[in-house]
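Read the structure below first, then the notes.
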Amino acid sequence: MGEQTTVSKAVVLLSGGMDSCVSTAIARERHGAANIALLHAGYGQRTEKRERQAFDAIADYYAVRERLVVQLDHFRAIGGSALTDERIAVPENELGAPGPKGSAIPVTYVPFRNAHFLSVAVSWAEVIGAGAIYIGAVAEDSSGYPDCRPAYYRVFQELVSVGTRPETRIEIVTPVITLKKSEIIRKGIQLGAPLHLTWSCYQNEQEACGACDSCSLRLLAFAEAGTPDPITYRHGVPVSR
């Protein structure tokens, strides 16, 4: 699994969040605006409509015509995550706190989610002849989700090689996996990525809550990058200036 590729077309998993937006900008720079295809997966998460809105806005911003939106409703039926089960509260102001029963993995982890996303991406990539799949996973400066580790993508790369046509060559590319969130912001600014169109909040769709893990990581990152966060937060949330 490498970070550079010379293939003409790439599928980019675009959730609508900051990391996937910057990954889109990187893929566009490497492959060209006409050679990226954007994939969005809704999975019954709390902010599903708002994330879809962000996906559409970013795709429009880059004028990407080739898009695929899929609905993975089984995640809501399975539950087990604060993002997909309304009975489980999204923790606020508890960044780094233990998960259920003292687990190192927070309750916002959606079990094995990224494998489902990647599986759809591989199927689509094989059909449209794409040679790369970009995913904006981040290993270190994140909530510690197990499906964001580099080893996860190395193993999935082997699965792709074994489970597709012999002539198919698809590379899993994780362009921001080793970066801190503040470095991702700086990279996005450097590439002119539309960070103002992204959405990171786990629980609100109008104004970001500023207190969930994702908002907390985002706010800290913008403060560390020394640049204001362009999205709106609920009243009383300090935003870096």
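In the structure tokens, chains take letters A, B, ... by order of appearance, with residues numbered from 1 within each chain and ligands from 1 in the order shown.
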
Next on the checklist: Give me, as a PyMOL selection string, the residues of region 39-151 of chain A that a backbone DSSP run labels alpha helix (DSSP H).
Outcome noted: chain A and resi 48-61+74-78+113-128+150-151

Item to check | Non-local contacts of region 167-172 of chain A (9 Å; only C-alpha atoms; under 5 positions in same chain excluded) as an MDAnalysis selection string | outcome: chainID A and resid 1:3 5 118 122 125:126 129:135 153:154 156:157 160:161

Residues of region 165-221 of chain A at most 10 Å from region 22-27 of chain A: nearest atom pair and distance in Å, only C-alpha atoms, as JSON lines:
```
{"residue": "A:Val173", "atom": "CA", "partner": "A:Ala27", "partner_atom": "CA", "distance": 9.3}
{"residue": "A:Thr174", "atom": "CA", "partner": "A:Ser23", "partner_atom": "CA", "distance": 8.0}
{"residue": "A:Pro175", "atom": "CA", "partner": "A:Ser23", "partner_atom": "CA", "distance": 6.3}
{"residue": "A:Val176", "atom": "CA", "partner": "A:Ser23", "partner_atom": "CA", "distance": 6.9}
{"residue": "A:Ile177", "atom": "CA", "partner": "A:Ser23", "partner_atom": "CA", "distance": 10.0}
{"residue": "A:Ile184", "atom": "CA", "partner": "A:Val22", "partner_atom": "CA", "distance": 7.0}
{"residue": "A:Ile185", "atom": "CA", "partner": "A:Val22", "partner_atom": "CA", "distance": 7.8}
{"residue": "A:Arg186", "atom": "CA", "partner": "A:Val22", "partner_atom": "CA", "distance": 9.6}
{"residue": "A:Lys187", "atom": "CA", "partner": "A:Val22", "partner_atom": "CA", "distance": 7.2}
{"residue": "A:Gly188", "atom": "CA", "partner": "A:Val22", "partner_atom": "CA", "distance": 5.2}
{"residue": "A:Ile189", "atom": "CA", "partner": "A:Val22", "partner_atom": "CA", "distance": 8.8}
{"residue": "A:Gln190", "atom": "CA", "partner": "A:Ala25", "partner_atom": "CA", "distance": 9.8}
{"residue": "A:Leu191", "atom": "CA", "partner": "A:Ala25", "partner_atom": "CA", "distance": 6.5}
{"residue": "A:Gly192", "atom": "CA", "partner": "A:Ala25", "partner_atom": "CA", "distance": 7.8}
{"residue": "A:Ala193", "atom": "CA", "partner": "A:Ala25", "partner_atom": "CA", "distance": 5.9}
{"residue": "A:Pro194", "atom": "CA", "partner": "A:Val22", "partner_atom": "CA", "distance": 8.4}
{"residue": "A:Leu195", "atom": "CA", "partner": "A:Val22", "partner_atom": "CA", "distance": 8.0}
{"residue": "A:Thr198", "atom": "CA", "partner": "A:Val22", "partner_atom": "CA", "distance": 9.8}
```

Could you give me, as a Markdown table, every region 209-228 of chain A residue with an atom at most 9 Å from region 68-92 of chain A, plus its closest atom pair and distance in Å to one decimal, counting only C-alpha atoms, rows ordered by chain then number?
```
| residue | atom | partner | partner_atom | distance |
| --- | --- | --- | --- | --- |
| A:Cys209 | CA | A:Glu92 | CA | 8.7 |
| A:Gly210 | CA | A:Glu92 | CA | 8.5 |
| A:Ala211 | CA | A:Glu92 | CA | 4.8 |
| A:Cys212 | CA | A:Glu92 | CA | 4.6 |
| A:Asp213 | CA | A:Glu92 | CA | 7.1 |
| A:Ser216 | CA | A:Glu92 | CA | 8.9 |
```

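Interatomic distance, CA of Arg149 (chain A) to CA of Asn204 (chain A): 27.0 Å.
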
Next on the checklist: I want to know what sits within 10 Å of Arg50 (chain A), based on only C-alpha atoms, with residues of the same chain fewer than 2 positions away left out; could you give that as an NGL selection string?
Outcome noted: :A and (16 or 46-48 or 52-56 or 198-201 or 204-206)

Expected file: the selected residues, all heavy atoms, as a short mmCIF file (atom, residue, chain, number, x, y, z; two decimals), in the first residue's frame:
```
data_model
loop_
_atom_site.label_atom_id
_atom_site.label_comp_id
_atom_site.auth_asym_id
_atom_site.auth_seq_id
_atom_site.Cartn_x
_atom_site.Cartn_y
_atom_site.Cartn_z
N GLY A 16 -17.82 13.90 3.93
CA GLY A 16 -18.22 15.28 4.13
C GLY A 16 -17.45 15.92 5.25
O GLY A 16 -17.59 17.10 5.53
N ARG A 46 -26.49 9.81 13.20
CA ARG A 46 -27.29 10.93 13.69
C ARG A 46 -27.28 12.13 12.74
O ARG A 46 -28.29 12.81 12.57
CB ARG A 46 -26.78 11.39 15.06
CG ARG A 46 -27.01 10.41 16.19
CD ARG A 46 -26.30 10.88 17.45
NE ARG A 46 -26.39 9.91 18.53
CZ ARG A 46 -27.27 9.98 19.53
NH1 ARG A 46 -28.12 10.97 19.58
NH2 ARG A 46 -27.27 9.06 20.47
N THR A 47 -26.13 12.41 12.15
CA THR A 47 -26.00 13.59 11.29
C THR A 47 -25.96 13.20 9.81
O THR A 47 -25.31 13.86 9.00
CB THR A 47 -24.72 14.37 11.66
OG1 THR A 47 -23.59 13.49 11.59
CG2 THR A 47 -24.81 14.94 13.06
N GLU A 48 -26.71 12.18 9.47
CA GLU A 48 -26.69 11.64 8.11
C GLU A 48 -27.06 12.69 7.05
O GLU A 48 -26.37 12.83 6.03
CB GLU A 48 -27.65 10.46 8.02
CG GLU A 48 -27.69 9.78 6.66
CD GLU A 48 -28.54 8.52 6.67
OE1 GLU A 48 -29.28 8.31 7.65
OE2 GLU A 48 -28.46 7.75 5.71
N ARG A 52 -24.52 14.31 4.19
CA ARG A 52 -24.85 14.21 2.77
C ARG A 52 -24.83 15.60 2.14
O ARG A 52 -24.37 15.78 1.00
CB ARG A 52 -26.22 13.55 2.60
CG ARG A 52 -26.77 13.60 1.17
CD ARG A 52 -25.89 12.81 0.19
NE ARG A 52 -26.30 13.06 -1.18
CZ ARG A 52 -27.30 12.42 -1.81
NH1 ARG A 52 -28.00 11.49 -1.16
NH2 ARG A 52 -27.59 12.69 -3.06
N GLN A 53 -25.32 16.59 2.86
CA GLN A 53 -25.30 17.97 2.37
C GLN A 53 -23.85 18.42 2.14
O GLN A 53 -23.54 19.06 1.13
CB GLN A 53 -25.98 18.88 3.39
CG GLN A 53 -26.01 20.35 3.00
CD GLN A 53 -26.61 21.22 4.10
OE1 GLN A 53 -27.49 20.78 4.85
NE2 GLN A 53 -26.14 22.45 4.20
N ALA A 54 -22.97 18.08 3.07
CA ALA A 54 -21.56 18.44 2.93
C ALA A 54 -20.93 17.73 1.74
O ALA A 54 -20.16 18.33 0.98
CB ALA A 54 -20.80 18.09 4.22
N PHE A 55 -21.26 16.46 1.56
CA PHE A 55 -20.76 15.71 0.40
C PHE A 55 -21.17 16.39 -0.90
O PHE A 55 -20.35 16.62 -1.79
CB PHE A 55 -21.29 14.27 0.43
CG PHE A 55 -21.09 13.53 -0.88
CD1 PHE A 55 -19.88 12.94 -1.18
CD2 PHE A 55 -22.13 13.42 -1.79
CE1 PHE A 55 -19.69 12.26 -2.39
CE2 PHE A 55 -21.96 12.74 -2.99
CZ PHE A 55 -20.72 12.17 -3.29
N ASP A 56 -22.46 16.71 -1.01
CA ASP A 56 -22.96 17.35 -2.24
C ASP A 56 -22.26 18.68 -2.49
O ASP A 56 -21.90 19.00 -3.63
CB ASP A 56 -24.48 17.56 -2.15
CG ASP A 56 -25.26 16.27 -2.23
OD1 ASP A 56 -24.74 15.29 -2.81
OD2 ASP A 56 -26.40 16.22 -1.73
N THR A 198 -17.24 21.56 5.09
CA THR A 198 -17.17 20.27 5.77
C THR A 198 -18.02 20.26 7.04
O THR A 198 -18.38 21.30 7.58
CB THR A 198 -15.71 19.93 6.14
OG1 THR A 198 -15.19 20.91 7.06
CG2 THR A 198 -14.82 19.90 4.90
N TRP A 199 -18.31 19.04 7.50
CA TRP A 199 -19.08 18.86 8.74
C TRP A 199 -18.45 17.74 9.55
O TRP A 199 -18.22 16.65 9.02
CB TRP A 199 -20.54 18.54 8.43
CG TRP A 199 -21.41 18.65 9.64
CD1 TRP A 199 -21.92 17.64 10.40
CD2 TRP A 199 -21.85 19.87 10.25
NE1 TRP A 199 -22.66 18.16 11.45
CE2 TRP A 199 -22.63 19.53 11.37
CE3 TRP A 199 -21.64 21.23 9.96
CZ2 TRP A 199 -23.22 20.48 12.20
CZ3 TRP A 199 -22.22 22.18 10.78
CH2 TRP A 199 -23.01 21.81 11.88
N SER A 200 -18.22 18.00 10.83
CA SER A 200 -17.55 17.02 11.68
C SER A 200 -18.37 16.58 12.89
O SER A 200 -18.11 15.53 13.47
CB SER A 200 -16.21 17.59 12.19
OG SER A 200 -15.38 17.97 11.12
N CYS A 201 -19.36 17.38 13.29
CA CYS A 201 -20.10 17.12 14.52
C CYS A 201 -20.83 15.78 14.47
O CYS A 201 -21.44 15.42 13.47
CB CYS A 201 -21.10 18.24 14.78
SG CYS A 201 -21.96 18.10 16.36
N ASN A 204 -25.19 17.15 16.08
CA ASN A 204 -26.05 18.25 15.63
C ASN A 204 -25.96 18.45 14.12
O ASN A 204 -24.92 18.17 13.52
CB ASN A 204 -25.66 19.56 16.33
CG ASN A 204 -25.99 19.55 17.81
OD1 ASN A 204 -26.64 18.64 18.31
ND2 ASN A 204 -25.53 20.56 18.52
N GLU A 205 -27.04 18.97 13.53
CA GLU A 205 -27.06 19.19 12.09
C GLU A 205 -27.22 20.66 11.71
O GLU A 205 -27.05 21.02 10.55
CB GLU A 205 -28.19 18.37 11.45
CG GLU A 205 -27.95 16.87 11.55
CD GLU A 205 -28.89 16.07 10.67
OE1 GLU A 205 -30.11 16.26 10.78
OE2 GLU A 205 -28.39 15.25 9.87
N GLN A 206 -27.53 21.52 12.67
CA GLN A 206 -27.67 22.95 12.39
C GLN A 206 -26.38 23.68 12.76
O GLN A 206 -25.69 24.23 11.91
CB GLN A 206 -28.86 23.54 13.16
CG GLN A 206 -30.19 22.90 12.80
CD GLN A 206 -30.53 23.01 11.32
OE1 GLN A 206 -30.31 24.06 10.71
NE2 GLN A 206 -31.08 21.95 10.75
#
```

Checklist outcome for this item: Students should find that CA of Thr227 (chain A) and CA of Val138 (chain A) are spaced 20.4 Å

Item to check | Which of chain A fall in strand (DSSP E), as a PyMOL selection string | outcome: chain A and resi 10-13+36-42+67-71+132-134+171-173

Checklist outcome for this item: Computed gap from CA of Glu66 (chain A) to CA of Leu38 (chain A) is 6.5 Å

Next on the checklist: Measuring between only C-alpha atoms, which one of A:Gln45, A:Asn114, A:Ser214, A:Asn35 shows the shortest distance to Asn93 (chain A)?
Outcome noted: A:Ser214
